[in-house]
Amino acid sequence: MVEIDLNHIYKKYANAEEENSYAVSDFDLHIKNKEFIVFVGPSGCGKSTTLRMIAGLETITEGELRIDDELMNDVVPKDRNIAMVFQNYALYPHMTVFKNMAFGLKLRKYEKDDIEKRVKYAADILGLTEYLDRKPAALSGGQRQRVALGRAIVRDAPIFLMDEPLSNLDAKLRVSMRAEIARLHQRLHTTTIYVTHDQTEAMTMADRIVVMSMGEVQQIGTPQEVYVTPRNKFVAGFIGSPSMNFIDVTYKDGVITDTEGLKIAVPEGRAKVLEKKGYNGKQMTLGIRPEDIHAEEAFSETWPNSVVEAEVVVSELLGATSMLYSKVDGTEFVAIVDARDYHKPGEKVKLSFDINKAHFFDIETTLAIR
Amino acid sequence: MVIDQLLKMYPSAKVISVPNWKDKSIINYRIADEWVSIEKNELDDRQVELLELLSDHNEDEITNDWWQFLNQRSNDIPLVSKQTVKIKIIQFHTSKLESRDLSQQWIRAFSSFFNKVIDTFWVTSEYGILILSDSEISLDNTELISMIQLIDEDFGTKTEAYVGQTWALNEELPEIFELEKCIFEQNDGDAVSNLSSDVISFMFNQKLASEKLFIVLKNTITSNSEYIAMIRSLYLNQNNIAKTAKDLYVHRNTLLYRIDKFNRETGLNLKSMDDLVLCHLLLC
């Protein structure tokens, strides 16, 4: 049983240029026992710095880190009982897989029998039993990463911190290791914090996602929450692949238009919210996911006022679906449609915007209008 | 003044230009930029300890032949095989380990990642040296960082390492090492650094950073935190707009707009490599 509290954590480096230039600002999160939390965001957003503060590898400038209610700010890394898995999985080159997994325990003066039991257990979980006598040079990339995971498992630490552990693997291996880590979590139930810049990893592995940008938490929620109800334009654009389309529009009396000729009706319910919030006659950003733009005739017949005639610029047939990079005059967007609705570049196509699933963002604050 | 008092207190005490480390009957102390030797039989344990406190170095520092040579305390080039004509020096700094045994295990673990290790030793309890024979390190920077992460995870340490250049093993080496030492001392927390990564900021901070012109310019370019991230990312991506936009998670056009805005506000054009390098230096 372990719970982690990050109470209004700030990180400022000694050489920071500005008075208020923080690498991490006001990070506030309660992590429940056995939870799998993913920190996601672009490079330099502060996700790894936050992880390193939890591990004790970086000092905390302000705020409190508590593990099971015990203040950990000044506790040295080795006394935090946390196991880490890093992006680059270095292993001692002259040690066998067994010795690599056992080394940390040996330094911590574990009994020989206990070490053997733990290493064999971890090797069994990770399918490494037959490789225990091999040296790292004789292992594949995936096997080496498994040994790195094994080093964390043998510690039997209540908290795992993983810093982009899959980013050095090729795409195919990444997918299988992703499943392996998820399976491992289901088996061990270790409270895990996982850092990645890959939103697919975040969506597929997390119980809850923490989306970060410029050192600040943008949104905390389940994968479903951050995908369906993004708090702001950043989250909306970062989560989802391909990214959400953004078009600057003006709303007026139930219709949105842009300067390039786009004109779409807004359903009554959504229009009421916009008007109530004072956006009638004002500019805002329309956000619509590629899968919410349809090419099916049935949809355009049901919502005739949401149809635009677009020209396909680039099209990609992906098997079951097609991606249509299209434009209406100067406004460009991408739609994911059924493979049967594939169109060649240059062709005209009628596309319907499902405005009921669309998002509106304030043009200045970038916050979602709800 | 301290030296005068020592000379009065200990009849065998002498001010010397170069200490004779081979004579085990004397102890050498570095006090007020002078070397003083005192015969061991004139000192009890307590006095030895007190004098060590006064001295600018500790005994561990000086027992290694390489350290004596590299610090110009001896002119003798340490004995190496005839094939060794060039060497590479790796300096490391780590947190203090709890016991001598752990320190030995730490240094063994660290050196196990390198080929052709000639010697490895602690200078102080937190600073040490690895001497490699004429060889290119097979590990790149990322691998070195991950190696340090691994060791730090196992030993609970926080380590920084400086990978020196490959140099000819001759009498010029101590002077070269002196500068490598200074560059490493100015490392601001990078786990792994080297001459290429640190020399420009080192030179800039040594010579120019305190000039008014650069202070004013730095204040101008750091007026907006967006600019700092933009300059750093552009520099890391060698001015590649697409890669920088991806890193910063902004649209390419947004980045171009910010570069133009920066140009209007500061007169510096980040699309030009000269201006970008200048801005990068100001942020060092």
# chains A, B, ... in the order shown; residues from 1 in each chain; ligands from 1

call {"tool": "interface_residues", "arguments": {"of": "chain B", "to": "chain A", "cutoff": "8 Å", "atoms": "only C-alpha atoms", "output": "list in words"}}
result
Ala109, Ser112, Phe113, Thr142, Glu143, Ser146, Met147, Gln149, Leu150, Glu153, Asp154, Phe155, Gly156, Lys158, Thr222, Ser223, Ser225, Asp247, Leu248, Tyr249 and Leu283 of chain B

call {"tool": "write_last_selection", "arguments": {"atoms": "C-alpha atoms", "output": "PDB file, in the first residue's frame"}}
result
ATOM      1  CA  ALA B 109      31.637  -0.578 -11.705  1.00  0.00           C
ATOM      2  CA  SER B 112      33.935  -1.682 -16.284  1.00  0.00           C
ATOM      3  CA  PHE B 113      32.239   0.301 -19.057  1.00  0.00           C
ATOM      4  CA  THR B 142      23.537   9.037 -24.402  1.00  0.00           C
ATOM      5  CA  GLU B 143      25.088   5.704 -23.466  1.00  0.00           C
ATOM      6  CA  SER B 146      22.574   5.873 -19.087  1.00  0.00           C
ATOM      7  CA  MET B 147      25.658   4.209 -17.640  1.00  0.00           C
ATOM      8  CA  GLN B 149      22.136   6.565 -14.282  1.00  0.00           C
ATOM      9  CA  LEU B 150      22.642   2.836 -13.746  1.00  0.00           C
ATOM     10  CA  GLU B 153      20.634   3.947  -9.139  1.00  0.00           C
ATOM     11  CA  ASP B 154      22.666   1.087  -7.635  1.00  0.00           C
ATOM     12  CA  PHE B 155      24.883   3.155  -5.357  1.00  0.00           C
ATOM     13  CA  GLY B 156      22.466   5.990  -4.544  1.00  0.00           C
ATOM     14  CA  LYS B 158      24.695  11.575  -8.136  1.00  0.00           C
ATOM     15  CA  THR B 222      15.429  36.599 -21.667  1.00  0.00           C
ATOM     16  CA  SER B 223      12.516  38.988 -21.260  1.00  0.00           C
ATOM     17  CA  SER B 225      10.421  32.629 -21.309  1.00  0.00           C
ATOM     18  CA  ASP B 247      10.024  19.722 -30.080  1.00  0.00           C
ATOM     19  CA  LEU B 248       8.216  22.809 -28.861  1.00  0.00           C
ATOM     20  CA  TYR B 249       4.905  21.382 -29.967  1.00  0.00           C
ATOM     21  CA  LEU B 283      21.908  31.730 -22.166  1.00  0.00           C
TER      22      LEU B 283
END

call {"tool": "select_by_dssp", "arguments": {"residues": "range 40-248 of chain B", "states": "alpha helix (DSSP H)", "output": "PyMOL selection string"}}
result
chain B and resi 45-54+59-62+65-70+100-111+141-155+173-185+195-207+212-221+225-236+241-248

call {"tool": "residues_around", "arguments": {"residues": "Leu255 in chain B", "least_positions_apart": "5", "cutoff": "12 Å", "atoms": "only C-alpha atoms", "output": "list in words"}}
result
Glu226, Tyr227, Ala229, Met230, Ile231, Ser233, Leu234, Asn239, Asn240, Ile241, Ala242, Lys243, Thr244, Ala245, Lys246, Asp247, Leu248, Tyr249, Val250, Asp260, Lys261, Phe262, Leu270 and Lys271 of chain B

call {"tool": "closest_residue", "arguments": {"among": "A:Gln283, A:Thr191, A:Asn356, A:Asn100", "to": "Trp303 in chain A", "atoms": "only C-alpha atoms"}}
result
A:Asn356

call {"tool": "residues_around", "arguments": {"residues": "Leu6 in chain B", "least_positions_apart": "2", "cutoff": "12 Å", "atoms": "only C-alpha atoms", "output": "MDAnalysis selection string"}}
result
chainID B and resid 1:4 8:15 29 31 35:38 42:43 47 51 54

call {"tool": "atom_distance", "arguments": {"atom1": "CA of Asn141 in chain B", "atom2": "CA of Gln143 in chain A"}}
result
22.2 Å

call {"tool": "atom_distance", "arguments": {"atom1": "CA of Thr196 in chain A", "atom2": "CA of Thr366 in chain A"}}
result
23.9 Å

call {"tool": "residues_around", "arguments": {"residues": "range 161-175 of chain B", "least_positions_apart": "6", "cutoff": "9 Å", "atoms": "only C-alpha atoms", "output": "VMD selection string"}}
result
chain B and resid 69 to 72 75 to 77 84 to 94 132 to 136 144 148 181 183 to 184 187 190 to 195

call {"tool": "write_last_selection", "arguments": {"atoms": "N, CA, C and O atoms", "output": "short mmCIF file (atom, residue, chain, number, x, y, z; two decimals), in the first residue's frame"}}
result
data_model
loop_
_atom_site.label_atom_id
_atom_site.label_comp_id
_atom_site.auth_asym_id
_atom_site.auth_seq_id
_atom_site.Cartn_x
_atom_site.Cartn_y
_atom_site.Cartn_z
N PHE B 69 51.90 13.55 -11.68
CA PHE B 69 52.37 14.01 -12.98
C PHE B 69 51.40 15.07 -13.55
O PHE B 69 51.82 16.15 -13.99
N LEU B 70 50.11 14.76 -13.50
CA LEU B 70 49.12 15.67 -14.10
C LEU B 70 49.07 17.01 -13.39
O LEU B 70 48.68 18.01 -13.97
N ASN B 71 49.45 17.03 -12.13
CA ASN B 71 49.40 18.28 -11.37
C ASN B 71 50.78 18.91 -11.20
O ASN B 71 50.98 19.75 -10.32
N GLN B 72 51.70 18.50 -12.03
CA GLN B 72 53.05 19.07 -12.08
C GLN B 72 53.78 18.96 -10.73
O GLN B 72 54.61 19.79 -10.40
N ASN B 75 57.84 15.36 -12.50
CA ASN B 75 58.07 15.46 -13.94
C ASN B 75 58.09 14.09 -14.60
O ASN B 75 58.23 13.98 -15.82
N ASP B 76 58.01 13.04 -13.78
CA ASP B 76 58.10 11.68 -14.33
C ASP B 76 56.78 11.27 -14.97
O ASP B 76 55.74 11.23 -14.29
N ILE B 77 56.85 10.93 -16.25
CA ILE B 77 55.66 10.41 -16.91
C ILE B 77 55.45 8.97 -16.41
O ILE B 77 56.38 8.17 -16.44
N THR B 84 51.38 2.73 -25.81
CA THR B 84 50.54 3.85 -25.39
C THR B 84 51.24 5.18 -25.66
O THR B 84 52.17 5.55 -24.95
N VAL B 85 50.78 5.84 -26.71
CA VAL B 85 51.37 7.15 -27.01
C VAL B 85 50.39 8.27 -26.72
O VAL B 85 50.77 9.42 -26.56
N LYS B 86 49.12 7.90 -26.66
CA LYS B 86 48.10 8.92 -26.37
C LYS B 86 47.19 8.40 -25.26
O LYS B 86 46.98 7.17 -25.15
N ILE B 87 46.64 9.33 -24.50
CA ILE B 87 45.70 8.91 -23.45
C ILE B 87 44.48 9.83 -23.42
O ILE B 87 44.48 10.91 -24.02
N LYS B 88 43.50 9.35 -22.73
CA LYS B 88 42.27 10.13 -22.53
C LYS B 88 42.00 10.12 -21.03
O LYS B 88 42.13 9.07 -20.38
N ILE B 89 41.65 11.29 -20.49
CA ILE B 89 41.40 11.36 -19.04
C ILE B 89 39.91 11.60 -18.79
O ILE B 89 39.34 12.56 -19.32
N ILE B 90 39.31 10.74 -18.01
CA ILE B 90 37.91 10.95 -17.63
C ILE B 90 37.88 11.36 -16.17
O ILE B 90 38.40 10.65 -15.30
N GLN B 91 37.33 12.54 -15.91
CA GLN B 91 37.19 13.00 -14.52
C GLN B 91 35.75 12.73 -14.08
O GLN B 91 34.83 12.86 -14.88
N PHE B 92 35.58 12.36 -12.85
CA PHE B 92 34.22 12.17 -12.35
C PHE B 92 34.08 12.74 -10.95
O PHE B 92 35.04 12.81 -10.16
N HIS B 93 32.87 13.18 -10.69
CA HIS B 93 32.54 13.72 -9.37
C HIS B 93 31.26 13.04 -8.94
O HIS B 93 30.30 12.98 -9.70
N THR B 94 31.24 12.49 -7.75
CA THR B 94 30.02 11.82 -7.29
C THR B 94 29.78 12.10 -5.81
O THR B 94 30.63 12.69 -5.14
N LEU B 132 42.55 6.38 -19.71
CA LEU B 132 42.36 5.38 -20.77
C LEU B 132 43.50 5.46 -21.76
O LEU B 132 43.98 6.54 -22.06
N SER B 133 43.89 4.29 -22.24
CA SER B 133 44.93 4.25 -23.25
C SER B 133 44.36 4.73 -24.58
O SER B 133 43.15 4.69 -24.79
N ASP B 134 45.25 5.20 -25.44
CA ASP B 134 44.92 5.67 -26.78
C ASP B 134 43.74 4.89 -27.41
O ASP B 134 43.94 3.93 -28.12
N SER B 135 42.52 5.29 -27.08
CA SER B 135 41.38 4.57 -27.65
C SER B 135 40.18 5.50 -27.72
O SER B 135 40.02 6.37 -26.88
N GLU B 136 39.41 5.27 -28.72
CA GLU B 136 38.17 6.02 -28.80
C GLU B 136 37.17 5.34 -27.88
O GLU B 136 37.12 4.11 -27.81
N LEU B 144 26.71 7.03 -22.23
CA LEU B 144 27.43 7.40 -21.02
C LEU B 144 26.46 7.89 -19.94
O LEU B 144 26.61 7.56 -18.76
N ILE B 148 25.80 6.19 -16.27
CA ILE B 148 25.86 6.92 -14.99
C ILE B 148 24.55 6.75 -14.22
O ILE B 148 24.55 6.56 -12.99
N LYS B 181 40.45 20.40 -16.17
CA LYS B 181 39.95 20.40 -14.79
C LYS B 181 39.07 21.63 -14.53
O LYS B 181 38.00 21.55 -13.95
N ILE B 183 37.46 23.42 -16.75
CA ILE B 183 36.21 23.32 -17.51
C ILE B 183 35.22 22.42 -16.76
O ILE B 183 34.04 22.74 -16.62
N PHE B 184 35.71 21.30 -16.26
CA PHE B 184 34.83 20.38 -15.52
C PHE B 184 34.29 21.03 -14.25
O PHE B 184 33.14 20.83 -13.88
N ASN B 187 31.09 22.81 -14.73
CA ASN B 187 29.92 22.06 -15.20
C ASN B 187 28.73 22.38 -14.31
O ASN B 187 28.83 22.36 -13.09
N ASP B 190 25.34 18.86 -15.76
CA ASP B 190 25.18 17.85 -16.81
C ASP B 190 25.86 16.56 -16.36
O ASP B 190 26.99 16.60 -15.87
N ALA B 191 25.18 15.43 -16.55
CA ALA B 191 25.76 14.16 -16.12
C ALA B 191 27.05 13.86 -16.90
O ALA B 191 28.00 13.33 -16.34
N VAL B 192 27.06 14.21 -18.18
CA VAL B 192 28.25 13.96 -18.99
C VAL B 192 28.58 15.23 -19.78
O VAL B 192 27.70 15.83 -20.39
N SER B 193 29.83 15.63 -19.73
CA SER B 193 30.22 16.80 -20.53
C SER B 193 31.57 16.51 -21.18
O SER B 193 32.26 15.56 -20.81
N ASN B 194 31.93 17.34 -22.13
CA ASN B 194 33.24 17.20 -22.79
C ASN B 194 33.66 18.55 -23.33
O ASN B 194 32.93 19.54 -23.15
N LEU B 195 34.80 18.58 -23.97
CA LEU B 195 35.34 19.85 -24.44
C LEU B 195 34.37 20.55 -25.39
O LEU B 195 34.08 21.73 -25.24
#

call {"tool": "residues_around", "arguments": {"residues": "Gln186 in chain B", "least_positions_apart": "5", "cutoff": "10 Å", "atoms": "only C-alpha atoms", "output": "PDB file with C-alpha atoms, in the first residue's frame"}}
result
ATOM      1  CA  LYS B 181      39.948  20.402 -14.785  1.00  0.00           C
ATOM      2  CA  ASP B 198      31.399  23.066 -22.597  1.00  0.00           C
ATOM      3  CA  SER B 201      30.315  28.660 -22.642  1.00  0.00           C
ATOM      4  CA  PHE B 202      33.474  28.264 -20.550  1.00  0.00           C
ATOM      5  CA  ASN B 205      31.868  33.047 -19.083  1.00  0.00           C
TER       6      ASN B 205
END

call {"tool": "atom_distance", "arguments": {"atom1": "CA of Tyr194 in chain A", "atom2": "CA of Gly63 in chain A"}}
result
21.3 Å

call {"tool": "closest_residue", "arguments": {"among": "A:Lys233, A:Arg52, A:Lys252, A:His185", "to": "Asp163 in chain A", "atoms": "only C-alpha atoms"}}
result
A:Arg52
